[in-house]
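Just below is one structure, and these are the notes that go with it.
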Amino acid sequence: MTNSRYFSNVGGLPPQTQTLSSKAVFKTSYAVIPRTVMSDIVTSVLPHWDATRAWIISRPLSGFAETFAQYIMEVKPGGGSVRPEPDARASAAIFVVEGEGTITYDGKDHPLRAGSFAYIPAGGKWTFRNDSTAPIRFHWVRKAFKVVEGLEFPPAVFTHEDECVMDAMPDTDGKWATTRFLDPSDVRYDMHLNIVTFEPGAIIPFMETHIMEHGLYVLEGKAVYRLNEDWVEVEAGDYMWLRAYCPQACYAGGPGRFRYLLYKDVNRHPDL
């Protein structure tokens with residue numbers, strides 16, 4: 001299904017009559033993985049996950065984006081995992097786009113639904129299960145946590161978009177806003193997973209060029225996005241993967257809102 005707020009219609013296989021032309025591209029500074037690429041034949045099965053498949057849409061690559069991996073997970077009824085994370089260094093950020101499930105963390109159950117967010121710190125013990133009668137689909141960002149001497153590990157967070165404030169960017173009259181699931185002033189966290197919302201006609205009015213890597217998954221609407229030297233038309237279900245310092249901007253032409261899930265690495269010195 002396609003939720004009006006969160007695109008989730010991945011899978012299937014194109015017919016033999018479909019043309020091969022596509023906006024899929026991989027360049028030195030960015031990649032675009034359109035929703036048409038996320039078919040059944042590019043899924044992965046994962047150890048210790050039952051009744052589950054994953055679209056691994058980014059992973060650390062030397063000389064490209066090096067800090068994170070991002071999956072679209074689909075867990076069928078009765079599926080899940082009691083050993084979901086194989087790497088004790090990895091923290092997790094999860095955002096649900098369809099269905100219902102439960103994360104058990106530190107002995108407590110946390111129910112999930114479309115719009116739910118979870119952050120699980122590195123080394124945290126958690127399990128996942130789908131006890132509902134329909135599949136659940138969610139984004140799972142994995143990042144090797146950068147430990148800082150004298151700084152404690154961040155706590156787990158379980159919340160929902162409806163419980164979070166959408167902060168407008170200055171001088172935009174509310175047309176460009178960000179929903180932050182993690183406190184941006186809390187330096188204990190070394191990544192953020194936000195939702196960015198543009199009203200029709202809103203823009204990023206300059207070429208952002210910065211150290212943060214990005215994964216941008218379009219949840220709703222369409223826009224044209226400037227990636228390095230190219231303007232690319234994107235729509236709900238498309239994924240943009242950006243290395244550090246890739247120039248970027250956006251024009252949301254409408255007719256409806258344009259929203260995407262945004263990963264970025266934050267709050268740490270670069271490794272030398």
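The chains in the structure tokens are called A, B, ... from first to last as shown; in each chain the residues are counted from 1, and the ligands are counted from 1 in the order shown.
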
Per DSSP on the backbone, what are the strand (DSSP E or B) residues of segment 74-160 of chain A, as a PyMOL selection string?
-> chain A and resi 74-81+90-98+101-105+108-112+116-120+126-129+136-144+157-160

Residues near Phe158 of chain A, cut-off 12 Å, only C-alpha atoms, skip fewer than 6 positions along chain, as number ranges by chain | A: 92-96, 102-105, 108-113, 115-121, 164, 181-182

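Put simply, atom CA of Arg243 of chain A is 5.2 Å away from atom CA of Phe64 of chain A.
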
Proximity check segment 25-96 of chain A to segment 5-16 of chain A, 6 Å, nearest pairs one decimal Å, only C-alpha atoms, as JSON lines:
```
{"residue": "A:Met38", "atom": "CA", "partner": "A:Gly11", "partner_atom": "CA", "distance": 5.9}
{"residue": "A:Ser39", "atom": "CA", "partner": "A:Gly11", "partner_atom": "CA", "distance": 4.3}
{"residue": "A:Asp40", "atom": "CA", "partner": "A:Gly11", "partner_atom": "CA", "distance": 4.8}
```

Find the residues around Val234 of chain A up to 8 Å (only C-alpha atoms counted), leave out those fewer than 5 positions away in its own chain, and share them as a ChimeraX atom specification.
-> /A:34,218,222-225
